[in-house]
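What follows is the content of input-v1.cif (mmCIF, C-alpha atoms).
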```cif
data_target
#
loop_
_atom_site.group_PDB
_atom_site.id
_atom_site.type_symbol
_atom_site.label_atom_id
_atom_site.label_comp_id
_atom_site.auth_asym_id
_atom_site.auth_seq_id
_atom_site.Cartn_x
_atom_site.Cartn_y
_atom_site.Cartn_z
ATOM 1 C CA MET A 16 -2.565 49.462 89.096
ATOM 2 C CA ASP A 17 -0.870 52.728 89.934
ATOM 3 C CA SER A 18 2.744 52.690 91.102
ATOM 4 C CA LEU A 19 5.131 55.581 91.627
ATOM 5 C CA CYS A 20 8.829 55.667 92.447
ATOM 6 C CA CYS A 21 10.461 59.060 92.694
ATOM 7 C CA PHE A 22 14.215 59.679 92.861
ATOM 8 C CA ASN A 23 15.110 63.159 94.059
ATOM 9 C CA SER A 24 18.505 64.777 93.576
ATOM 10 C CA GLY A 25 18.121 66.873 96.702
ATOM 11 C CA ASN A 26 16.960 70.048 94.957
ATOM 12 C CA SER A 27 13.219 69.708 95.586
ATOM 13 C CA GLN A 28 10.810 68.056 98.026
ATOM 14 C CA LEU A 29 9.068 64.705 97.755
ATOM 15 C CA ALA A 30 5.375 64.243 98.344
ATOM 16 C CA GLY A 31 4.098 61.180 100.144
ATOM 17 C CA GLY A 32 1.061 59.100 99.249
ATOM 18 C CA ARG A 33 -1.555 56.790 100.684
ATOM 19 C CA SER A 34 -1.491 52.992 100.614
ATOM 20 C CA SER A 35 1.925 51.246 100.481
ATOM 21 C CA CYS A 36 4.642 53.878 100.559
ATOM 22 C CA GLY A 37 8.114 54.569 101.877
ATOM 23 C CA LYS A 38 11.206 56.704 101.515
ATOM 24 C CA GLY A 39 14.974 56.676 101.958
ATOM 25 C CA ARG A 40 18.155 58.492 101.048
ATOM 26 C CA SER A 41 21.714 58.102 99.855
ATOM 27 C CA HIS A 42 24.456 57.467 102.416
ATOM 28 C CA HIS A 43 26.962 59.587 100.488
ATOM 29 C CA GLY A 44 25.075 62.481 98.932
ATOM 30 C CA PRO A 45 21.897 64.573 98.891
ATOM 31 C CA ALA A 46 19.854 62.128 96.781
ATOM 32 C CA LYS A 47 16.684 60.717 98.343
ATOM 33 C CA TYR A 48 13.681 58.753 97.157
ATOM 34 C CA GLY A 49 10.067 57.967 97.900
ATOM 35 C CA PHE A 50 7.610 55.422 96.537
ATOM 36 C CA SER A 51 3.893 54.718 96.639
ATOM 37 C CA LEU A 52 1.809 51.793 95.375
ATOM 38 C CA LEU A 53 -1.955 52.118 95.120
ATOM 39 C CA LYS A 54 -4.343 49.447 93.839
ATOM 40 C CA GLY A 55 -6.607 50.665 91.068
ATOM 41 C CA LYS A 56 -10.198 49.708 90.315
ATOM 42 C CA ALA A 57 -9.449 46.493 88.412
ATOM 43 C CA ASN A 58 -11.126 43.354 89.730
ATOM 44 C CA HIS A 59 -7.903 41.465 90.397
ATOM 45 C CA PRO A 60 -5.110 41.667 92.972
ATOM 46 C CA MET A 61 -2.263 44.174 92.831
ATOM 47 C CA GLU A 62 0.244 43.063 90.168
ATOM 48 C CA ASP A 63 2.874 45.805 90.462
ATOM 49 C CA TYR A 64 6.267 45.451 92.127
ATOM 50 C CA HIS A 65 8.942 48.049 92.749
ATOM 51 C CA VAL A 66 12.569 48.494 93.796
ATOM 52 C CA ALA A 67 13.803 51.625 95.588
ATOM 53 C CA LYS A 68 17.092 51.476 97.468
ATOM 54 C CA PHE A 69 20.725 52.516 97.666
ATOM 55 C CA THR A 70 23.372 49.835 97.929
ATOM 56 C CA GLN A 71 27.131 49.871 98.431
ATOM 57 C CA LEU A 72 29.195 47.957 95.887
ATOM 58 C CA ARG A 73 32.898 47.923 94.986
ATOM 59 C CA GLY A 74 33.573 51.012 97.056
ATOM 60 C CA GLY A 75 30.836 52.974 95.320
ATOM 61 C CA GLU A 76 27.120 53.495 95.640
ATOM 62 C CA LEU A 77 24.316 52.388 93.352
ATOM 63 C CA GLY A 78 20.807 53.774 93.499
ATOM 64 C CA LEU A 79 18.386 51.138 92.178
ATOM 65 C CA PHE A 80 14.843 52.152 91.255
ATOM 66 C CA ALA A 81 12.223 50.292 89.230
ATOM 67 C CA ILE A 82 8.549 49.746 88.518
ATOM 68 C CA TYR A 83 7.402 46.356 87.225
ATOM 69 C CA ASP A 84 3.783 46.402 86.032
ATOM 70 C CA GLY A 85 2.556 42.826 85.783
ATOM 71 C CA HIS A 86 -0.355 41.523 83.729
ATOM 72 C CA SER A 87 -2.208 38.191 83.750
ATOM 73 C CA GLY A 88 -0.756 37.573 87.194
ATOM 74 C CA ASP A 89 2.119 38.969 89.229
ATOM 75 C CA ASN A 90 4.649 36.135 88.925
ATOM 76 C CA VAL A 91 6.783 37.746 86.228
ATOM 77 C CA ALA A 92 6.827 41.142 87.949
ATOM 78 C CA SER A 93 7.843 39.429 91.197
ATOM 79 C CA TYR A 94 10.641 37.585 89.385
ATOM 80 C CA LEU A 95 11.938 40.841 87.919
ATOM 81 C CA GLN A 96 11.967 42.480 91.330
ATOM 82 C CA LYS A 97 14.202 39.682 92.623
ATOM 83 C CA HIS A 98 16.513 39.188 89.664
ATOM 84 C CA LEU A 99 16.737 41.956 87.043
ATOM 85 C CA PHE A 100 19.058 44.363 88.854
ATOM 86 C CA SER A 101 21.346 41.593 90.091
ATOM 87 C CA ASN A 102 21.562 40.255 86.535
ATOM 88 C CA ILE A 103 22.581 43.705 85.270
ATOM 89 C CA ILE A 104 25.185 44.260 87.981
ATOM 90 C CA ASN A 105 26.622 40.767 87.528
ATOM 91 C CA GLU A 106 27.355 41.387 83.852
ATOM 92 C CA GLU A 107 31.140 41.281 83.447
ATOM 93 C CA ASP A 108 31.393 44.722 81.822
ATOM 94 C CA PHE A 109 28.803 46.565 83.925
ATOM 95 C CA TRP A 110 31.193 49.145 85.403
ATOM 96 C CA THR A 111 32.884 49.920 82.072
ATOM 97 C CA ASP A 112 29.926 49.494 79.708
ATOM 98 C CA PRO A 113 26.565 49.862 81.511
ATOM 99 C CA HIS A 114 24.648 50.267 78.235
ATOM 100 C CA SER A 115 25.686 46.901 76.838
ATOM 101 C CA SER A 116 25.257 45.240 80.228
ATOM 102 C CA ILE A 117 21.689 46.483 80.554
ATOM 103 C CA LEU A 118 20.798 45.212 77.074
ATOM 104 C CA LYS A 119 22.332 41.788 77.746
ATOM 105 C CA ALA A 120 20.745 41.433 81.185
ATOM 106 C CA TYR A 121 17.272 42.340 79.935
ATOM 107 C CA GLU A 122 17.567 39.707 77.203
ATOM 108 C CA ARG A 123 18.936 37.022 79.501
ATOM 109 C CA THR A 124 16.348 37.744 82.165
ATOM 110 C CA ASP A 125 13.534 37.316 79.652
ATOM 111 C CA GLU A 126 15.087 34.045 78.474
ATOM 112 C CA ALA A 127 15.205 32.854 82.089
ATOM 113 C CA ILE A 128 11.547 33.798 82.616
ATOM 114 C CA LEU A 129 10.489 31.880 79.523
ATOM 115 C CA SER A 130 12.544 28.855 80.596
ATOM 116 C CA HIS A 131 10.737 28.843 83.972
ATOM 117 C CA ASN A 132 7.352 28.617 82.278
ATOM 118 C CA PRO A 133 4.899 27.172 83.379
ATOM 119 C CA ASP A 134 6.210 27.904 86.887
ATOM 120 C CA LEU A 135 5.736 31.623 86.231
ATOM 121 C CA GLY A 136 2.459 31.173 84.372
ATOM 122 C CA GLN A 137 1.462 32.729 81.060
ATOM 123 C CA GLY A 138 1.609 36.332 82.251
ATOM 124 C CA GLY A 139 4.136 39.065 81.697
ATOM 125 C CA SER A 140 5.331 42.441 82.881
ATOM 126 C CA THR A 141 6.568 45.810 81.718
ATOM 127 C CA ALA A 142 9.664 47.313 83.327
ATOM 128 C CA VAL A 143 11.206 50.724 83.787
ATOM 129 C CA THR A 144 14.518 50.790 85.646
ATOM 130 C CA ALA A 145 16.868 53.542 86.764
ATOM 131 C CA MET A 146 20.393 53.099 88.110
ATOM 132 C CA LEU A 147 22.219 56.007 89.739
ATOM 133 C CA ILE A 148 25.974 55.353 89.754
ATOM 134 C CA ASN A 149 27.892 57.171 92.483
ATOM 135 C CA GLY A 150 25.366 59.987 92.459
ATOM 136 C CA ARG A 151 26.604 61.253 89.102
ATOM 137 C CA LYS A 152 25.406 59.134 86.176
ATOM 138 C CA LEU A 153 21.814 57.975 85.696
ATOM 139 C CA TRP A 154 21.011 55.018 83.418
ATOM 140 C CA ILE A 155 17.368 54.466 82.467
ATOM 141 C CA ALA A 156 15.893 51.533 80.552
ATOM 142 C CA ASN A 157 12.350 50.426 79.788
ATOM 143 C CA VAL A 158 10.246 47.732 78.170
ATOM 144 C CA GLY A 159 6.531 48.441 77.746
ATOM 145 C CA ASP A 160 4.602 51.557 78.720
ATOM 146 C CA SER A 161 5.753 52.376 82.249
ATOM 147 C CA ARG A 162 7.499 55.738 82.011
ATOM 148 C CA ALA A 163 10.487 57.611 83.368
ATOM 149 C CA VAL A 164 10.226 61.405 83.395
ATOM 150 C CA LEU A 165 13.072 63.660 84.500
ATOM 151 C CA SER A 166 12.659 67.196 85.785
ATOM 152 C CA ARG A 167 15.632 69.392 84.883
ATOM 153 C CA ARG A 168 15.454 73.038 85.970
ATOM 154 C CA GLY A 169 11.683 72.618 86.097
ATOM 155 C CA GLN A 170 11.482 71.194 82.556
ATOM 156 C CA ALA A 171 9.854 67.755 82.190
ATOM 157 C CA ILE A 172 11.783 65.377 79.919
ATOM 158 C CA GLN A 173 10.514 61.882 79.080
ATOM 159 C CA MET A 174 13.446 59.505 79.432
ATOM 160 C CA SER A 175 11.653 56.324 78.332
ATOM 161 C CA VAL A 176 9.796 55.184 75.219
ATOM 162 C CA ASP A 177 6.181 53.983 75.260
ATOM 163 C CA HIS A 178 6.228 50.617 73.472
ATOM 164 C CA GLU A 179 2.679 50.410 72.160
ATOM 165 C CA PRO A 180 1.240 48.224 69.368
ATOM 166 C CA HIS A 181 0.232 51.093 67.087
ATOM 167 C CA THR A 182 3.753 52.584 67.130
ATOM 168 C CA GLU A 183 5.501 49.245 66.523
ATOM 169 C CA ARG A 184 2.963 47.700 64.165
ATOM 170 C CA SER A 185 5.528 46.921 61.469
ATOM 171 C CA SER A 186 7.713 44.941 63.894
ATOM 172 C CA ILE A 187 4.707 42.937 65.115
ATOM 173 C CA GLU A 188 3.451 42.221 61.593
ATOM 174 C CA ASN A 189 6.937 41.276 60.385
ATOM 175 C CA LYS A 190 6.942 38.617 63.115
ATOM 176 C CA GLY A 191 3.603 37.233 61.932
ATOM 177 C CA GLY A 192 1.364 38.993 64.437
ATOM 178 C CA PHE A 193 -1.334 41.595 63.986
ATOM 179 C CA VAL A 194 -2.642 44.699 65.724
ATOM 180 C CA THR A 195 -6.307 45.295 66.517
ATOM 181 C CA LYS A 196 -8.033 48.504 67.538
ATOM 182 C CA MET A 197 -11.638 48.060 68.627
ATOM 183 C CA PRO A 198 -13.931 51.027 69.324
ATOM 184 C CA GLY A 199 -13.454 52.253 72.886
ATOM 185 C CA ASP A 200 -10.316 50.185 73.405
ATOM 186 C CA VAL A 201 -6.567 50.644 72.930
ATOM 187 C CA ALA A 202 -4.527 48.949 70.220
ATOM 188 C CA ARG A 203 -3.596 45.367 71.122
ATOM 189 C CA VAL A 204 -1.179 42.708 69.866
ATOM 190 C CA ASN A 205 -3.241 39.839 68.440
ATOM 191 C CA GLY A 206 -6.272 41.400 70.146
ATOM 192 C CA GLN A 207 -4.780 40.702 73.593
ATOM 193 C CA LEU A 208 -1.826 42.725 74.872
ATOM 194 C CA ALA A 209 -1.726 46.525 75.002
ATOM 195 C CA VAL A 210 2.092 46.774 74.833
ATOM 196 C CA SER A 211 4.466 45.721 72.057
ATOM 197 C CA ARG A 212 7.392 44.851 74.336
ATOM 198 C CA ALA A 213 7.261 42.909 77.591
ATOM 199 C CA PHE A 214 8.950 40.297 79.719
ATOM 200 C CA GLY A 215 7.272 36.892 79.646
ATOM 201 C CA ASP A 216 3.996 36.477 77.731
ATOM 202 C CA LYS A 217 5.156 33.173 76.310
ATOM 203 C CA ASN A 218 2.072 32.668 74.145
ATOM 204 C CA LEU A 219 2.693 35.989 72.369
ATOM 205 C CA LYS A 220 6.495 36.086 72.552
ATOM 206 C CA SER A 221 7.054 35.260 68.893
ATOM 207 C CA HIS A 222 5.301 38.558 68.050
ATOM 208 C CA LEU A 223 6.765 40.688 70.852
ATOM 209 C CA ARG A 224 10.114 42.228 71.708
ATOM 210 C CA SER A 225 11.819 42.423 75.090
ATOM 211 C CA ASP A 226 14.831 44.594 74.229
ATOM 212 C CA PRO A 227 14.813 47.892 76.136
ATOM 213 C CA ASP A 228 15.374 51.457 75.101
ATOM 214 C CA VAL A 229 18.322 52.752 77.149
ATOM 215 C CA ARG A 230 19.302 56.340 77.919
ATOM 216 C CA ASN A 231 21.747 57.994 80.273
ATOM 217 C CA ILE A 232 22.186 61.470 81.669
ATOM 218 C CA ASP A 233 24.570 63.253 84.007
ATOM 219 C CA VAL A 234 23.145 64.250 87.384
ATOM 220 C CA ASP A 235 24.156 67.738 88.493
ATOM 221 C CA GLY A 236 22.809 70.810 90.218
ATOM 222 C CA ASN A 237 20.237 71.305 87.448
ATOM 223 C CA THR A 238 18.658 67.893 88.046
ATOM 224 C CA ASP A 239 15.495 68.179 90.162
ATOM 225 C CA LEU A 240 13.994 64.691 90.271
ATOM 226 C CA LEU A 241 13.117 61.567 88.323
ATOM 227 C CA ILE A 242 9.678 59.933 88.388
ATOM 228 C CA LEU A 243 9.111 56.279 87.456
ATOM 229 C CA ALA A 244 5.484 55.208 87.233
ATOM 230 C CA SER A 245 3.186 52.656 85.645
ATOM 231 C CA ASP A 246 0.794 53.578 82.847
ATOM 232 C CA GLY A 247 -2.158 53.962 85.222
ATOM 233 C CA LEU A 248 -0.547 57.076 86.648
ATOM 234 C CA TRP A 249 0.495 58.707 83.376
ATOM 235 C CA LYS A 250 -2.519 57.817 81.246
ATOM 236 C CA VAL A 251 -5.294 58.043 83.808
ATOM 237 C CA SER A 252 -4.242 59.969 86.879
ATOM 238 C CA PHE A 253 -2.192 62.919 85.625
ATOM 239 C CA CYS A 254 0.731 64.106 83.487
ATOM 240 C CA SER A 255 -0.616 62.540 80.273
ATOM 241 C CA ASN A 256 0.678 65.431 78.169
ATOM 242 C CA ILE A 257 4.332 65.456 79.214
ATOM 243 C CA GLN A 258 6.574 65.797 76.160
#
```
Starting from the file, give its structure as structure tokens.
Amino acid sequence: MDSLCCFNSGNSQLAGGRSSCGKGRSHHGPAKYGFSLLKGKANHPMEDYHVAKFTQLRGGELGLFAIYDGHSGDNVASYLQKHLFSNIINEEDFWTDPHSSILKAYERTDEAILSHNPDLGQGGSTAVTAMLINGRKLWIANVGDSRAVLSRRGQAIQMSVDHEPHTERSSIENKGGFVTKMPGDVARVNGQLAVSRAFGDKNLKSHLRSDPDVRNIDVDGNTDLLILASDGLWKVSFCSNIQ
């Protein structure tokens, strides 16, 4: 599945796309966004979900943007779309300590997903989230291989970390799992999952992690745009060599 969510600081133009797409803008500044979801060639329904919106809260404005790339069904990705951001914002210290709040909310959301099993099935989802606070501070977090890439004065900067089995082999093996790499295929956890961190995946959870990498950056006149997209876009469609 290919999904794209693009936050724009107002310094460059957004391109539209076919299939499911939309756009919007901040009520208090130049920031605007666009998104596009396009089903790939896989022989199963679309499993990606997104969030792209601005919301008013406590006299300020939050920009909320996310891509949730589901696998083995879309139930977990759908759950994240409905609950992850609200869980982050509802953390007691969100406004004073966003970093800690994001970490706690990711963990608690995964615990909630696992507690809902089998209602949510045996599947899972990656996540890449971006929160723009009052148009000035951008907080980015990710689990799995959906990426966030920032353009700053025309320079592409990867703001997320690809959590892949071959790069986190030691963590997987320390938890009792193993990593396979068959000819013509990507590395997989226990021969099944192509990411080393994910929400859900109850059958593999003892060998996986769900804690995110978190980064933040100030948004100013040098900030062009931020792209969030699932792995199908980065690894297959384009931009596979961004540093």
request  = Considering only C-alpha atoms, return as a PyMOL selection string whatever protein or nucleic-acid residues lie within 10 Å of Thr70 (chain A), sequence-local ones (same chain, fewer than 5 positions apart) excluded.
outcome  = chain A and resi 41-42+75-79
message = Counting only C-alpha atoms, which residue out of A:Arg73, A:Ser87, A:Ala127, A:Phe214 sits closest to Phe109 (chain A)?
response =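 Ranking A:Arg73, A:Ser87, A:Ala127, A:Phe214 by distance to Phe109 (chain A), first place goes to A:Arg73.
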message = So, with all atoms listed in the file as the atoms that count, which of A:Glu62, A:Asp89, A:Ala209, A:Lys119 lies closest to Met197 (chain A)?
response = A:Ala209
message = Would you compute the distance between CA of Asp84 (chain A) and CA of Leu99 (chain A)? Give it in Å to one decimal.
response = 13.7 Å
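For the atom pair formed by CA of Ile172 (chain A) and CA of Pro227 (chain A), the distance is 18.1 Å, given to one decimal.
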ask   = How would you write, as a VMD selection string, the residues chosen by the PyMOL selection byres ((chain A and resi 186-194) around 12) on this structure?
value = chain A and resid 178 to 185 195 to 197 201 to 212 218 to 224
task = To one decimal in Å, tell me the separation between CA of His114 (chain A) and CA of Val229 (chain A).
result =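 Separation of CA of His114 (chain A) and CA of Val229 (chain A): 6.9 Å.
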message = Evaluate the PyMOL selection byres ((chain A and resi 174) around 7) against this structure - the residues, as a ChimeraX atom specification, please.
response = /A:163-165,172-173,175,230
request  = With the file shown as input, list the residues that the PyMOL selection byres ((chain A and resi 105) around 12) selects, as number ranges by chain.
outcome  = A: 72, 98-104, 106-110, 113, 116-117, 119-120, 123-124
ask   = Restricting the calculation to all atoms listed in the file, which member of A:Leu248, A:Asn237, A:Lys47, A:Ser140 is positioned closest to Ser166 (chain A)?
value =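 Among A:Leu248, A:Asn237, A:Lys47, A:Ser140, it is A:Asn237 that comes nearest to Ser166 (chain A).
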query = Thr141 (chain A): which residues within 10 Å, counting all atoms listed in the file, same-chain residues fewer than 4 positions away excluded, as a ChimeraX atom specification?
reply = /A:63,82-86,91-92,95,157-162,178,210-215,225,245-246
Serialized selection, C-alpha atoms, as an mmCIF file, in the frame of the given file:
```
data_model
loop_
_atom_site.group_PDB
_atom_site.id
_atom_site.type_symbol
_atom_site.label_atom_id
_atom_site.label_comp_id
_atom_site.auth_asym_id
_atom_site.auth_seq_id
_atom_site.Cartn_x
_atom_site.Cartn_y
_atom_site.Cartn_z
ATOM 1 C CA ASP A 63 2.874 45.805 90.462
ATOM 2 C CA ILE A 82 8.549 49.746 88.518
ATOM 3 C CA TYR A 83 7.402 46.356 87.225
ATOM 4 C CA ASP A 84 3.783 46.402 86.032
ATOM 5 C CA GLY A 85 2.556 42.826 85.783
ATOM 6 C CA HIS A 86 -0.355 41.523 83.729
ATOM 7 C CA VAL A 91 6.783 37.746 86.228
ATOM 8 C CA ALA A 92 6.827 41.142 87.949
ATOM 9 C CA LEU A 95 11.938 40.841 87.919
ATOM 10 C CA ASN A 157 12.350 50.426 79.788
ATOM 11 C CA VAL A 158 10.246 47.732 78.170
ATOM 12 C CA GLY A 159 6.531 48.441 77.746
ATOM 13 C CA ASP A 160 4.602 51.557 78.720
ATOM 14 C CA SER A 161 5.753 52.376 82.249
ATOM 15 C CA ARG A 162 7.499 55.738 82.011
ATOM 16 C CA HIS A 178 6.228 50.617 73.472
ATOM 17 C CA VAL A 210 2.092 46.774 74.833
ATOM 18 C CA SER A 211 4.466 45.721 72.057
ATOM 19 C CA ARG A 212 7.392 44.851 74.336
ATOM 20 C CA ALA A 213 7.261 42.909 77.591
ATOM 21 C CA PHE A 214 8.950 40.297 79.719
ATOM 22 C CA GLY A 215 7.272 36.892 79.646
ATOM 23 C CA SER A 225 11.819 42.423 75.090
ATOM 24 C CA SER A 245 3.186 52.656 85.645
ATOM 25 C CA ASP A 246 0.794 53.578 82.847
#
```
Can you rebuild region 229-243 of chain A with N, CA and C atoms and give it as a PDB file, in the coordinates of the input?
```
ATOM      1  N   VAL A 229      17.403  52.380  76.067  1.00  0.00           N
ATOM      2  CA  VAL A 229      18.322  52.752  77.149  1.00  0.00           C
ATOM      3  C   VAL A 229      18.814  54.176  76.920  1.00  0.00           C
ATOM      4  N   ARG A 230      18.772  54.980  77.974  1.00  0.00           N
ATOM      5  CA  ARG A 230      19.302  56.340  77.919  1.00  0.00           C
ATOM      6  C   ARG A 230      20.115  56.620  79.181  1.00  0.00           C
ATOM      7  N   ASN A 231      21.007  57.587  79.078  1.00  0.00           N
ATOM      8  CA  ASN A 231      21.747  57.994  80.273  1.00  0.00           C
ATOM      9  C   ASN A 231      21.863  59.504  80.301  1.00  0.00           C
ATOM     10  N   ILE A 232      22.077  60.032  81.494  1.00  0.00           N
ATOM     11  CA  ILE A 232      22.186  61.470  81.669  1.00  0.00           C
ATOM     12  C   ILE A 232      23.034  61.755  82.897  1.00  0.00           C
ATOM     13  N   ASP A 233      23.791  62.831  82.847  1.00  0.00           N
ATOM     14  CA  ASP A 233      24.570  63.253  84.007  1.00  0.00           C
ATOM     15  C   ASP A 233      23.656  63.922  85.029  1.00  0.00           C
ATOM     16  N   VAL A 234      23.895  63.634  86.294  1.00  0.00           N
ATOM     17  CA  VAL A 234      23.145  64.250  87.384  1.00  0.00           C
ATOM     18  C   VAL A 234      23.992  65.373  87.963  1.00  0.00           C
ATOM     19  N   ASP A 235      23.426  66.585  87.974  1.00  0.00           N
ATOM     20  CA  ASP A 235      24.156  67.738  88.493  1.00  0.00           C
ATOM     21  C   ASP A 235      23.196  68.665  89.220  1.00  0.00           C
ATOM     22  N   GLY A 236      23.632  69.870  89.471  1.00  0.00           N
ATOM     23  CA  GLY A 236      22.809  70.810  90.218  1.00  0.00           C
ATOM     24  C   GLY A 236      21.543  71.230  89.516  1.00  0.00           C
ATOM     25  N   ASN A 237      21.444  70.958  88.203  1.00  0.00           N
ATOM     26  CA  ASN A 237      20.237  71.305  87.448  1.00  0.00           C
ATOM     27  C   ASN A 237      19.199  70.185  87.455  1.00  0.00           C
ATOM     28  N   THR A 238      19.562  69.040  88.023  1.00  0.00           N
ATOM     29  CA  THR A 238      18.658  67.893  88.046  1.00  0.00           C
ATOM     30  C   THR A 238      17.755  67.979  89.272  1.00  0.00           C
ATOM     31  N   ASP A 239      16.440  68.060  89.053  1.00  0.00           N
ATOM     32  CA  ASP A 239      15.495  68.179  90.162  1.00  0.00           C
ATOM     33  C   ASP A 239      15.089  66.814  90.701  1.00  0.00           C
ATOM     34  N   LEU A 240      14.483  66.001  89.839  1.00  0.00           N
ATOM     35  CA  LEU A 240      13.994  64.691  90.271  1.00  0.00           C
ATOM     36  C   LEU A 240      13.684  63.828  89.071  1.00  0.00           C
ATOM     37  N   LEU A 241      13.518  62.548  89.329  1.00  0.00           N
ATOM     38  CA  LEU A 241      13.117  61.567  88.323  1.00  0.00           C
ATOM     39  C   LEU A 241      11.904  60.821  88.844  1.00  0.00           C
ATOM     40  N   ILE A 242      10.881  60.690  88.027  1.00  0.00           N
ATOM     41  CA  ILE A 242       9.678  59.933  88.388  1.00  0.00           C
ATOM     42  C   ILE A 242       9.592  58.685  87.514  1.00  0.00           C
ATOM     43  N   LEU A 243       9.437  57.528  88.142  1.00  0.00           N
ATOM     44  CA  LEU A 243       9.111  56.279  87.456  1.00  0.00           C
ATOM     45  C   LEU A 243       7.695  55.911  87.853  1.00  0.00           C
TER      46      LEU A 243
END
```
